[in-house]
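Everything below belongs to data32.cif, which stores mmCIF, C-alpha atoms.
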data_protein
loop_
_atom_site.label_atom_id
_atom_site.label_comp_id
_atom_site.auth_asym_id
_atom_site.auth_seq_id
_atom_site.Cartn_x
_atom_site.Cartn_y
_atom_site.Cartn_z
CA MET A 1 0.00 0.00 0.00
CA VAL A 2 1.22 3.47 -0.85
CA VAL A 3 0.13 6.49 1.20
CA ALA A 4 0.24 9.76 -0.69
CA GLY A 5 -0.56 13.29 0.41
CA PRO A 6 0.87 16.79 0.73
CA ASN A 7 3.54 17.72 3.27
CA GLY A 8 2.19 17.68 6.82
CA SER A 9 -0.78 15.51 5.90
CA GLY A 10 0.16 12.85 8.46
CA LYS A 11 1.89 10.21 6.32
CA SER A 12 4.94 9.91 8.57
CA ALA A 13 2.76 9.93 11.70
CA LEU A 14 0.68 7.10 10.22
CA LEU A 15 3.80 5.04 9.60
CA ARG A 16 5.10 5.68 13.12
CA LEU A 17 1.72 4.60 14.49
CA ALA A 18 1.95 1.44 12.41
CA THR A 19 5.17 0.52 14.21
CA GLY A 20 3.07 0.07 17.36
CA LEU A 21 5.61 2.03 19.42
CA VAL A 22 3.87 5.40 19.32
CA ASN A 23 0.61 6.14 21.10
CA VAL A 24 -2.32 7.97 19.54
CA ASP A 25 -3.50 11.29 20.99
CA ARG A 26 -7.09 10.50 20.00
CA GLY A 27 -8.93 7.51 18.62
CA ARG A 28 -7.77 3.91 18.82
CA ILE A 29 -5.65 1.45 16.91
CA GLU A 30 -7.18 -1.88 15.95
CA ARG A 31 -4.72 -4.72 15.65
CA PRO A 32 -5.67 -7.96 13.94
CA GLY A 33 -5.16 -11.06 16.01
CA LEU A 34 -1.96 -12.56 14.60
CA PRO A 35 -0.35 -15.79 15.82
CA ALA A 36 2.95 -13.90 16.26
CA PRO A 37 3.80 -10.22 16.06
CA PRO A 38 5.16 -9.32 12.61
CA ARG A 39 8.86 -8.59 12.24
CA ILE A 40 8.89 -4.99 11.11
CA GLY A 41 11.53 -3.19 9.09
CA TYR A 42 11.07 0.56 9.45
CA ALA A 43 12.82 3.24 7.42
CA PRO A 44 12.15 6.72 8.87
CA ASP A 45 12.00 9.74 6.61
CA ARG A 46 15.48 10.76 7.73
CA LEU A 47 17.71 8.35 9.56
CA PRO A 48 19.86 10.41 11.94
CA PRO A 49 23.49 9.80 10.91
CA GLN A 50 25.27 7.70 13.53
CA LYS A 51 28.89 7.60 14.58
CA PHE A 52 29.22 4.14 13.04
CA THR A 53 30.45 2.94 9.68
CA SER A 54 27.67 1.46 7.55
CA THR A 55 28.92 -2.07 8.25
CA GLU A 56 29.15 -1.46 12.01
CA TYR A 57 25.67 0.03 12.08
CA LEU A 58 24.10 -2.80 10.09
CA LEU A 59 25.97 -5.35 12.18
CA HIS A 60 24.60 -3.82 15.38
CA MET A 61 21.03 -3.68 14.05
CA GLY A 62 21.20 -7.23 12.68
CA ARG A 63 22.66 -8.66 15.89
CA ILE A 64 19.94 -6.88 17.91
CA ARG A 65 17.41 -8.57 15.57
CA GLY A 66 19.02 -11.87 16.47
CA VAL A 67 20.59 -12.72 13.08
CA PRO A 68 23.70 -14.90 13.48
CA ARG A 69 26.91 -12.96 12.83
CA GLU A 70 28.20 -15.05 9.90
CA LYS A 71 24.87 -14.91 8.07
CA LEU A 72 24.66 -11.21 8.80
CA LEU A 73 28.10 -10.44 7.36
CA ILE A 74 27.11 -12.15 4.11
CA GLN A 75 23.81 -10.26 3.93
CA ILE A 76 25.51 -6.92 4.70
CA ALA A 77 28.07 -7.49 1.92
CA GLU A 78 25.24 -8.35 -0.51
CA LEU A 79 23.25 -5.27 0.48
CA HIS A 80 26.29 -3.00 0.00
CA GLU A 81 26.80 -4.47 -3.44
CA ARG A 82 23.15 -4.27 -4.41
CA PHE A 83 22.78 -0.66 -3.27
CA ARG A 84 26.21 0.22 -4.72
CA LEU A 85 27.53 1.60 -1.45
CA ALA A 86 31.20 1.11 -0.64
CA ALA A 87 31.68 -0.50 2.79
CA GLY A 88 34.55 1.76 3.78
CA PRO A 89 35.93 3.13 7.06
CA ALA A 90 33.95 6.41 6.85
CA ARG A 91 31.31 6.92 9.52
CA MET A 92 27.70 7.63 8.61
CA SER A 93 28.02 11.10 10.13
CA GLU A 94 30.29 11.90 7.15
CA PHE A 95 27.88 10.41 4.56
CA SER A 96 25.82 12.34 2.02
CA LYS A 97 22.01 12.29 2.33
CA GLY A 98 21.71 9.65 -0.38
CA MET A 99 24.28 7.38 1.26
CA VAL A 100 22.52 7.61 4.65
CA GLN A 101 19.23 6.82 2.90
CA LYS A 102 20.77 3.70 1.38
CA VAL A 103 21.89 2.51 4.84
CA ASN A 104 18.43 3.39 6.14
CA LEU A 105 16.82 1.12 3.55
CA MET A 106 19.44 -1.59 3.98
CA GLN A 107 18.72 -1.89 7.70
CA THR A 108 15.03 -2.56 7.00
CA LEU A 109 15.97 -5.64 4.98
CA LEU A 110 18.09 -7.30 7.69
CA GLY A 111 16.75 -10.62 8.89
CA GLU A 112 13.51 -11.63 7.27
CA PRO A 113 10.97 -8.84 7.86
CA ASP A 114 7.27 -9.60 7.38
CA LEU A 115 6.29 -5.95 7.05
CA LEU A 116 8.22 -3.00 5.64
CA LEU A 117 7.26 0.51 6.71
CA LEU A 118 9.02 2.93 4.39
CA ASP A 119 8.79 6.68 4.77
CA GLU A 120 9.72 8.38 1.49
CA PRO A 121 12.02 5.52 0.47
CA LEU A 122 13.07 7.03 -2.87
CA SER A 123 14.00 10.39 -1.35
CA GLY A 124 17.65 11.30 -1.85
CA LEU A 125 18.42 8.35 -4.14
CA ASP A 126 19.81 8.76 -7.67
CA ASP A 127 17.88 7.26 -10.61
CA ARG A 128 19.84 4.04 -10.72
CA SER A 129 19.52 3.46 -6.98
CA GLN A 130 15.78 4.19 -7.20
CA ARG A 131 15.41 1.53 -9.90
CA GLU A 132 17.45 -0.92 -7.85
CA LEU A 133 15.35 -0.24 -4.74
CA LEU A 134 12.13 -0.75 -6.68
CA ALA A 135 13.45 -4.07 -7.98
CA VAL A 136 14.35 -5.14 -4.43
CA LEU A 137 10.91 -4.15 -3.14
CA GLU A 138 9.18 -5.99 -5.99
CA GLU A 139 11.18 -9.08 -5.10
CA LYS A 140 10.18 -8.73 -1.44
CA LYS A 141 6.54 -8.26 -2.44
CA ARG A 142 6.65 -11.42 -4.56
CA ASN A 143 8.04 -13.25 -1.52
CA GLY A 144 5.02 -12.24 0.54
CA VAL A 145 6.42 -9.25 2.44
CA ALA A 146 3.77 -6.59 3.10
CA ILE A 147 4.86 -3.03 2.31
CA LEU A 148 3.38 0.22 3.56
CA ALA A 149 5.12 3.21 2.02
CA ALA A 150 4.59 6.95 2.20
CA ALA A 151 5.65 8.49 -1.08
CA HIS A 152 5.26 11.40 -3.45
CA GLU A 153 6.77 9.63 -6.44
CA PRO A 154 4.19 8.09 -8.84
CA GLU A 155 6.67 5.34 -9.89
CA LEU A 156 6.44 3.72 -6.50
CA ALA A 157 2.65 3.55 -6.64
CA ALA A 158 2.67 2.46 -10.29
CA ARG A 159 5.15 -0.36 -9.86
CA LEU A 160 4.47 -1.54 -6.36
CA ALA A 161 1.08 -0.67 -4.99
CA ASP A 162 -2.00 -2.85 -4.90
CA ARG A 163 -3.73 0.02 -3.16
CA CYS A 164 -3.08 3.76 -2.90
CA VAL A 165 -4.63 6.06 -0.33
CA THR A 166 -4.36 9.82 0.04
CA LEU A 167 -4.15 11.57 3.37
CA ASN A 168 -5.05 15.19 3.95
CA HIS A 169 -4.69 16.80 7.39
CA GLY A 170 -4.65 13.37 8.97
CA GLU A 171 -7.89 12.28 7.28
CA LEU A 172 -8.30 9.70 4.54
CA ALA A 173 -9.02 11.92 1.54
CA GLY A 174 -9.78 9.15 -0.92
CA GLU A 175 -8.50 6.09 -2.64
CA PRO A 176 -7.44 7.08 -6.15
CA GLU A 177 -7.32 4.53 -8.90
CA ARG A 178 -3.95 3.02 -9.40
CA PRO A 179 -2.28 4.48 -12.52
CA ARG A 180 -3.25 1.71 -14.95
CA ALA A 181 -1.66 3.25 -18.03
CA THR A 182 1.65 1.87 -16.90
CA LEU A 183 0.46 -1.75 -17.29
CA ARG A 184 0.30 -3.98 -20.38
CA ARG A 185 -1.55 -7.21 -21.00
CA ILE A 186 0.27 -9.67 -23.22
CA VAL A 187 -1.46 -12.81 -24.44
CA CYS A 188 0.63 -15.58 -25.95
CA ALA A 189 0.39 -19.25 -26.84
CA ALA A 190 3.02 -21.80 -25.91
CA SER A 191 3.60 -25.08 -24.13
CA ILE A 192 2.58 -25.25 -20.45
CA LYS A 193 6.26 -25.41 -19.44
CA VAL A 194 7.09 -22.15 -21.28
CA LEU A 195 3.95 -20.44 -19.96
CA GLU A 196 4.89 -21.43 -16.41
CA GLU A 197 8.42 -20.09 -16.90
CA LEU A 198 7.08 -16.78 -18.19
CA ARG A 199 4.98 -16.43 -15.04
CA THR A 200 8.16 -15.65 -13.07
CA ALA A 201 9.59 -13.20 -15.63
CA ASP A 202 10.61 -9.76 -14.41
CA GLY A 203 7.75 -7.29 -14.17
CA VAL A 204 4.90 -9.82 -14.29
CA GLU A 205 2.24 -8.92 -11.75
CA ARG A 206 -0.45 -11.46 -12.66
CA ALA A 207 -0.66 -14.44 -14.95
CA ASP A 208 -3.73 -16.41 -16.01
CA LEU A 209 -2.98 -19.66 -17.85
CA ALA A 210 -5.64 -21.68 -19.66
CA ASP A 211 -5.94 -23.83 -22.82
CA GLY A 212 -2.30 -23.39 -23.89
CA ARG A 213 -2.57 -19.62 -23.63
CA GLY A 214 -1.15 -17.26 -21.06
CA SER A 215 -2.48 -13.82 -20.26
CA TYR A 216 0.18 -11.77 -18.44
CA LEU A 217 -0.34 -8.44 -16.77
CA LEU A 218 2.97 -6.63 -16.46
CA ARG A 219 4.58 -3.22 -16.18
CA ALA A 220 4.90 -1.30 -19.41
CA GLU A 221 8.66 -0.88 -19.09
CA ALA A 222 9.13 -4.63 -18.69
CA ALA A 223 7.00 -5.45 -21.78
CA ASP A 224 9.80 -5.40 -24.40
CA ARG A 225 12.04 -7.63 -22.33
CA PHE A 226 9.13 -9.99 -21.70
CA LEU A 227 8.34 -10.19 -25.42
CA LEU A 228 11.96 -11.01 -26.25
CA THR A 229 12.03 -13.73 -23.59
CA ALA A 230 8.70 -15.16 -24.75
CA LEU A 231 9.68 -15.22 -28.45
CA SER A 232 13.07 -16.76 -27.80
CA ALA A 233 11.37 -19.44 -25.66
CA GLY A 234 9.18 -20.32 -28.66
CA ALA A 235 5.95 -18.62 -27.63
CA SER A 236 3.60 -17.06 -30.17
CA ILE A 237 2.43 -13.55 -29.29
CA GLU A 238 -1.30 -13.05 -29.87
CA SER A 239 -1.87 -9.55 -28.47
CA VAL A 240 -0.28 -6.67 -26.58
CA THR A 241 -2.76 -4.16 -25.11
CA PRO A 242 -2.75 -1.43 -22.47
CA ASP A 243 -4.55 -2.81 -19.45
CA ALA A 244 -8.12 -1.65 -19.22
CA MET D 1 19.84 -13.34 25.40
CA ALA D 2 22.14 -12.80 22.40
CA SER D 3 19.87 -10.00 21.25
CA PHE D 4 20.00 -8.37 24.72
CA LEU D 5 23.79 -8.58 24.82
CA ALA D 6 23.87 -7.08 21.31
CA LEU D 7 21.71 -4.22 22.59
CA LEU D 8 24.10 -3.64 25.50
CA HIS D 9 27.05 -3.65 23.09
CA TYR D 10 25.27 -1.16 20.81
CA CYS D 11 24.39 1.08 23.82
CA HIS D 12 28.00 1.01 25.01
CA THR D 13 29.60 1.72 21.61
CA GLY D 14 27.16 4.52 20.83
CA TYR D 15 27.65 6.17 24.22
CA MET D 16 31.42 5.92 24.14
CA ARG D 17 31.49 7.54 20.70
CA SER D 18 29.19 10.34 21.82
CA PHE D 19 31.73 11.56 24.43
CA ARG D 20 28.81 12.61 26.65
CA TYR D 21 30.38 10.72 29.54
CA ILE D 22 33.45 12.96 29.73
CA ALA D 23 32.01 15.90 31.75
CA PRO D 24 30.27 13.81 34.48
CA MET D 25 33.26 11.48 34.64
CA LEU D 26 35.64 14.42 35.11
CA LEU D 27 33.44 15.84 37.88
CA TYR D 28 33.22 12.49 39.62
CA PHE D 29 36.84 11.47 39.49
CA GLY D 30 38.03 15.07 39.98
CA SER D 31 36.03 15.37 43.23
CA PHE D 32 37.15 11.88 44.19
CA ALA D 33 40.80 12.80 43.71
CA SER D 34 40.50 16.11 45.59
CA LEU D 35 38.77 14.33 48.52
CA TYR D 36 41.51 11.74 48.90
CA MET D 37 44.41 14.02 48.04
CA VAL D 38 45.00 14.61 51.73
CA ALA D 39 45.33 11.39 53.76
CA PRO D 40 44.32 9.91 56.12
CA ASN D 41 40.54 10.14 55.74
CA PRO D 42 37.66 8.86 57.90
CA VAL D 43 36.09 5.73 56.41
CA MET D 44 32.31 6.04 56.47
CA SER D 45 31.97 9.81 56.09
CA SER D 46 34.24 9.65 53.00
CA TYR D 47 32.06 6.89 51.60
CA GLY D 48 29.01 9.02 52.41
CA PHE D 49 30.40 11.89 50.37
CA THR D 50 31.27 9.75 47.32
CA ALA D 51 27.87 7.98 47.47
CA VAL D 52 26.01 11.29 47.36
CA LEU D 53 28.30 12.49 44.60
CA LEU D 54 27.55 9.29 42.67
CA TYR D 55 23.82 10.00 42.99
CA ALA D 56 24.24 13.41 41.32
CA VAL D 57 26.62 12.08 38.65
CA SER D 58 24.35 9.10 37.89
CA ALA D 59 21.41 11.47 37.39
CA TRP D 60 23.54 13.58 35.03
CA ILE D 61 24.75 10.54 33.07
CA ALA D 62 21.22 9.10 32.82
CA PHE D 63 19.76 12.44 31.71
CA GLY D 64 22.42 12.84 29.01
CA TYR D 65 22.28 9.23 27.90
CA ILE D 66 18.61 8.36 27.79
CA ASP D 67 17.83 10.70 24.89
CA ALA D 68 21.26 10.64 23.24
CA GLU D 69 19.81 8.43 20.51
CA PRO D 70 17.46 10.45 18.25
CA GLU D 71 13.78 9.45 18.39
CA ALA D 72 13.68 7.97 14.87
CA GLN D 73 16.68 5.79 15.66
CA GLN D 74 15.09 4.70 18.94
CA ILE D 75 12.07 3.41 16.98
CA VAL D 76 14.36 1.60 14.52
CA THR D 77 16.40 0.00 17.32
CA ALA D 78 13.30 -1.00 19.33
CA LEU D 79 11.77 -2.60 16.22
CA HIS D 80 14.94 -4.59 15.59
CA ALA D 81 14.83 -5.68 19.25
CA GLN D 82 11.14 -6.57 18.60
CA SER D 83 10.17 -5.18 22.00
CA PHE D 84 10.28 -1.68 23.39
CA LEU D 85 10.48 -3.16 26.88
CA LYS D 86 13.60 -5.10 25.98
CA PHE D 87 15.14 -1.99 24.41
CA ALA D 88 14.37 0.19 27.45
CA THR D 89 15.57 -2.50 29.86
CA ALA D 90 18.85 -2.76 27.99
CA LYS D 91 19.36 1.00 28.25
CA LEU D 92 18.69 0.99 32.00
CA ALA D 93 20.88 -2.08 32.47
CA TYR D 94 23.70 -0.34 30.63
CA LEU D 95 23.37 2.72 32.88
CA ALA D 96 23.35 0.49 35.97
CA LEU D 97 26.51 -1.31 34.78
CA LEU D 98 28.28 1.94 33.97
CA THR D 99 27.51 3.55 37.32
CA ALA D 100 28.32 0.27 39.14
CA LEU D 101 31.83 0.65 37.74
CA PHE D 102 32.01 4.09 39.36
CA ALA D 103 30.69 2.60 42.62
CA PHE D 104 33.32 -0.15 42.66
CA VAL D 105 36.11 2.39 42.13
CA ALA D 106 34.72 4.58 44.93
CA VAL D 107 34.39 1.69 47.41
CA PHE D 108 37.49 -0.38 46.71
CA GLY D 109 39.83 2.34 45.41
CA PRO D 110 40.56 4.15 48.71
CA PRO D 111 41.40 1.02 50.80
CA LEU D 112 43.64 -0.24 48.01
CA ALA D 113 45.35 3.15 47.78
CA GLY D 114 45.71 3.23 51.59
CA VAL D 115 44.15 6.69 52.07
CA PHE D 116 41.91 5.75 55.00
CA GLU D 117 42.88 6.38 58.63
CA ARG D 118 42.31 2.69 59.35
CA ALA D 119 41.48 -0.51 57.47
CA ALA D 120 37.81 -0.71 56.47
CA THR D 121 35.98 -3.77 57.83
CA ALA D 122 34.12 -6.20 55.55
CA GLU D 123 30.79 -4.91 56.93
CA GLU D 124 31.75 -1.33 56.14
CA LEU D 125 32.78 -2.28 52.61
CA ALA D 126 29.53 -4.18 52.04
CA LEU D 127 27.46 -1.31 53.43
CA ALA D 128 29.38 1.24 51.38
CA LEU D 129 28.95 -0.79 48.18
CA ALA D 130 25.22 -1.24 48.80
CA GLY D 131 24.87 2.49 49.52
CA HIS D 132 26.75 3.49 46.39
CA LEU D 133 24.78 1.10 44.19
CA LEU D 134 21.41 2.12 45.63
CA LEU D 135 22.17 5.82 45.28
CA SER D 136 23.41 5.31 41.72
CA TRP D 137 20.11 3.57 40.84
CA LEU D 138 18.21 6.40 42.50
CA GLY D 139 20.24 8.86 40.41
CA ILE D 140 19.48 6.89 37.23
CA GLY D 141 15.78 6.93 38.11
CA THR D 142 15.88 10.67 38.70
CA GLY D 143 17.68 11.35 35.40
CA VAL D 144 15.38 9.06 33.39
CA LEU D 145 12.34 10.79 34.88
CA PHE D 146 13.30 13.83 32.80
CA SER D 147 13.59 11.94 29.51
CA ARG D 148 11.80 13.09 26.35
CA ARG D 149 9.20 10.35 26.70
CA LEU D 150 8.29 11.03 30.34
CA PHE D 151 8.84 14.80 30.36
CA PRO D 152 8.11 15.81 26.76
CA GLY D 153 9.00 19.09 25.12
CA LYS D 154 9.96 21.16 28.16
CA SER D 155 13.02 23.35 27.73
CA TYR D 156 13.28 23.98 31.49
CA LYS D 157 13.54 20.29 32.42
CA LEU D 158 17.31 20.55 32.98
CA HIS D 159 16.69 23.29 35.52
CA VAL D 160 14.06 21.18 37.29
CA LEU D 161 16.46 18.22 37.33
CA LEU D 162 19.21 20.38 38.84
CA LEU D 163 16.75 21.62 41.46
CA VAL D 164 15.78 18.04 42.33
CA ILE D 165 19.43 16.97 42.61
CA ALA D 166 20.37 20.04 44.67
CA SER D 167 17.43 19.67 47.04
CA SER D 168 18.12 15.91 47.41
CA VAL D 169 21.81 16.43 48.17
CA GLY D 170 21.18 19.38 50.47
CA ALA D 171 18.02 18.03 52.15
CA GLU D 172 19.59 17.78 55.58
CA GLY D 173 20.98 21.32 55.41
CA ILE D 174 17.68 22.71 54.12
CA ARG D 175 15.79 20.96 56.89
CA ASN D 176 18.17 22.24 59.57
CA GLY D 177 18.00 25.74 58.10
CA CYS D 178 14.21 25.87 58.25
CA PRO D 179 12.56 27.55 61.24
CA PRO D 180 11.22 25.05 63.77
CA SER D 181 7.65 23.97 63.09
CA PRO D 182 5.02 24.51 65.81
CA ARG D 183 4.84 21.53 68.09
CA PRO D 184 1.62 19.57 67.48
CA SER D 185 -0.82 19.31 70.30
CA SER D 186 -0.84 15.96 72.05
CA GLY D 187 -4.50 15.36 71.33
CA CYS D 188 -4.54 15.71 67.56
CA SER D 189 -7.57 14.40 65.79
CA ARG D 190 -7.65 11.19 63.76
CA ARG D 191 -8.03 13.25 60.58
CA SER D 192 -4.71 15.00 61.13
CA ALA D 193 -2.82 11.94 62.39
CA TRP D 194 -0.68 11.79 59.26
CA SER D 195 0.21 15.46 59.44
CA CYS D 196 1.00 15.11 63.17
CA ALA D 197 3.37 12.25 62.42
CA PHE D 198 4.98 14.25 59.64
CA LEU D 199 5.43 17.31 61.86
CA SER D 200 6.91 15.28 64.72
CA VAL D 201 9.53 13.84 62.32
CA LYS D 202 10.29 17.25 60.86
CA THR D 203 10.72 18.98 64.21
CA GLU D 204 12.96 16.24 65.63
CA PRO D 205 16.35 17.75 64.68
CA ALA D 206 15.25 21.24 65.74
CA ARG D 207 14.29 20.01 69.20
CA ARG D 208 17.51 18.01 69.42
CA ARG D 209 19.49 21.16 68.64
CA ARG D 210 17.75 23.06 71.41
#

Would you mind giving the structure from this file in structure tokens?
Amino acid sequence: MVVAGPNGSGKSALLRLATGLVNVDRGRIERPGLPAPPRIGYAPDRLPPQKFTSTEYLLHMGRIRGVPREKLLIQIAELHERFRLAAGPARMSEFSKGMVQKVNLMQTLLGEPDLLLLDEPLSGLDDRSQRELLAVLEEKKRNGVAILAAAHEPELAARLADRCVTLNHGELAGEPERPRATLRRIVCAASIKVLEELRTADGVERADLADGRGSYLLRAEAADRFLLTALSAGASIESVTPDA
Amino acid sequence: MASFLALLHYCHTGYMRSFRYIAPMLLYFGSFASLYMVAPNPVMSSYGFTAVLLYAVSAWIAFGYIDAEPEAQQIVTALHAQSFLKFATAKLAYLALLTALFAFVAVFGPPLAGVFERAATAEELALALAGHLLLSWLGIGTGVLFSRRLFPGKSYKLHVLLLVIASSVGAEGIRNGCPPSPRPSSGCSRRSAWSCAFLSVKTEPARRRR
């Protein structure tokens, strides 16, 4: 879910409330009865820079979460590589805003979170890092991780959200339609094996397979790559249409 | 348990790198050194002085430490710990361990340095250690009482804390400096029994002086 709204509308407050660690001034919070409390990864709007290197900081946070040290070191190295952040001796207090934001997002992914609460996750990131983050979040979403993000950027809603809500002065102002123009429906015919393989292709959000045909709903920017993959796997393309 | 130890390690590393401990530590060990500079010293009254000093220093350390971590980071850390109670307990445990170190130095340092007028007995050492630890916990409690969460958004809270510390440390002097309270009549009513008891305790030193 993506929460949109102007500055001061209460997006960050909503996310802090969702952590369960902040009390409400008025009203009440209803919590569903879950067998176990969800493991939450929370990225605040601005992570205060700490007097730790990025590796030290992530190591502390991961150890506090209870992740074994060896496993954690591997995950931290992978995260540094994925977010293209050099794991050097510089402390976070010397980092640029974008670098701190990368560490902020990296710490949410430590361990195996069930729920990600992300406050303006794309803020401060360059284009390439934004694309990389969106890919990571899509992967997490596919693996069943719930995501609640406050964001201004339409890309986040277009690529990630099943539901968008708008807040205004702390009130739910409406639930706008998700920007559908960014989706494509591709119908193709192929063997069941090929159709099943295409189901897991990058950018596919939904796939309906029946009678040797597959109908795939996917992001517009992933359509060309999907078509190439499908054709080279021997599929026959029947139609490509903007999603209605 | 591993997670709790990791929290303690994080608390310690963060606090050491903040350098917020330097000023209270200098006050504590500076006063400690000036007290024992001239030897020999009486045993229990010296311990009394360092215990009261530890109360004030513990309150200062706790006040500076408890909100040293910005609020957003506190939420992040508590979520990684998966319990705010565990996170808060770790912070208090860290403060207790840190001030216990000060207490151990204050209790066992002077006998080892040979600055007392006589050897302290085991009972005196035990009593002194218990007194130092209890007063350090009281100091931690006082400092934490003025944290952002319990005393939100008040710019004058440092002044109130200083007033609380000063009035705690100087309670005996303040009480002795106050004019004697009127002696309660012997037949006080049931309704004022509590106030009679309070007055009789308060007037005790004044009557003793006379």

Chain D residues within 12 Å of chain A, counting all atoms listed in the file: which ones, as a ChimeraX atom specification?
/D:1-19,68-87,90,149

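Interatomic distance, CA of Glu30 in chain A against CA of Ala4 in chain A: 21.6 Å.
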
Name the residues in contact with range 124-127 of chain D at a cut-off of 12 Å, using only C-alpha atoms, excluding same-chain residues fewer than 6 positions from it; report them as an MDAnalysis selection string.
chainID D and resid 42:48 51 103:112 118 133:134

Report as a ChimeraX atom specification the residues that result from applying the PyMOL selection byres ((chain A and resi 240) around 10) to the structure here.
/A:184-188,215-217,223,227,237-239,241-243

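The nearest approach to Gly203 in chain A among the residues A:Asn7, A:Thr182, A:Ser236, A:Ser12, with all atoms listed in the file taken into account, belongs to A:Thr182.
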
Quick one: residues within 7 Å of Ile140 in chain D, all atoms listed in the file counted, chain neighbours fewer than 4 positions away excluded, as an NGL selection string?
:D and (58-59 or 62 or 136 or 144)

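Once only C-alpha atoms are considered, the residues situated within 12 Å of the file point (-9.0, 6.5, 4.9) turn out to be Val3, Ala4, Gly5, Gly10, Lys11, Leu14, Arg163, Cys164, Val165, Thr166, Leu167, Asn168, His169, Gly170, Glu171, Leu172, Ala173, Gly174, Glu175 and Pro176 of chain A.
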
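Pairwise distance (CA of Arg84 in chain A, CA of Asp119 in chain A) equals 20.9 Å.
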
Would you mind completing range 14-28 of chain A to N, CA and C atoms and writing the output as a compact mmCIF listing (two decimals), in the coordinates of the input?
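Dumped everything to selection07.txt:
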# COMPACT_ATOMS: atom_id res chain seq x y z
N LEU A 14 1.39 8.37 10.43
CA LEU A 14 0.68 7.10 10.22
C LEU A 14 1.66 5.93 10.26
N LEU A 15 2.80 6.11 9.61
CA LEU A 15 3.80 5.04 9.60
C LEU A 15 4.36 4.78 11.00
N ARG A 16 4.59 5.87 11.74
CA ARG A 16 5.10 5.68 13.12
C ARG A 16 4.07 4.95 13.97
N LEU A 17 2.79 5.29 13.75
CA LEU A 17 1.72 4.60 14.49
C LEU A 17 1.70 3.11 14.13
N ALA A 18 1.97 2.84 12.85
CA ALA A 18 1.95 1.44 12.41
C ALA A 18 3.07 0.62 13.04
N THR A 19 4.10 1.28 13.53
CA THR A 19 5.17 0.52 14.21
C THR A 19 4.67 -0.06 15.53
N GLY A 20 3.60 0.55 16.08
CA GLY A 20 3.07 0.07 17.36
C GLY A 20 3.83 0.63 18.55
N LEU A 21 4.81 1.50 18.31
CA LEU A 21 5.61 2.03 19.42
C LEU A 21 5.22 3.45 19.80
N VAL A 22 4.28 4.02 19.06
CA VAL A 22 3.87 5.40 19.32
C VAL A 22 2.38 5.38 19.66
N ASN A 23 2.02 6.13 20.69
CA ASN A 23 0.61 6.14 21.10
C ASN A 23 -0.17 7.21 20.34
N VAL A 24 -1.46 6.99 20.21
CA VAL A 24 -2.32 7.97 19.54
C VAL A 24 -2.80 9.00 20.56
N ASP A 25 -2.95 10.25 20.11
CA ASP A 25 -3.50 11.29 20.99
C ASP A 25 -5.00 11.09 21.14
N ARG A 26 -5.64 10.74 20.00
CA ARG A 26 -7.09 10.50 20.00
C ARG A 26 -7.37 9.24 19.20
N GLY A 27 -8.54 8.68 19.40
CA GLY A 27 -8.93 7.51 18.62
C GLY A 27 -8.29 6.24 19.15
N ARG A 28 -8.34 5.18 18.35
CA ARG A 28 -7.77 3.91 18.82
C ARG A 28 -7.17 3.16 17.63
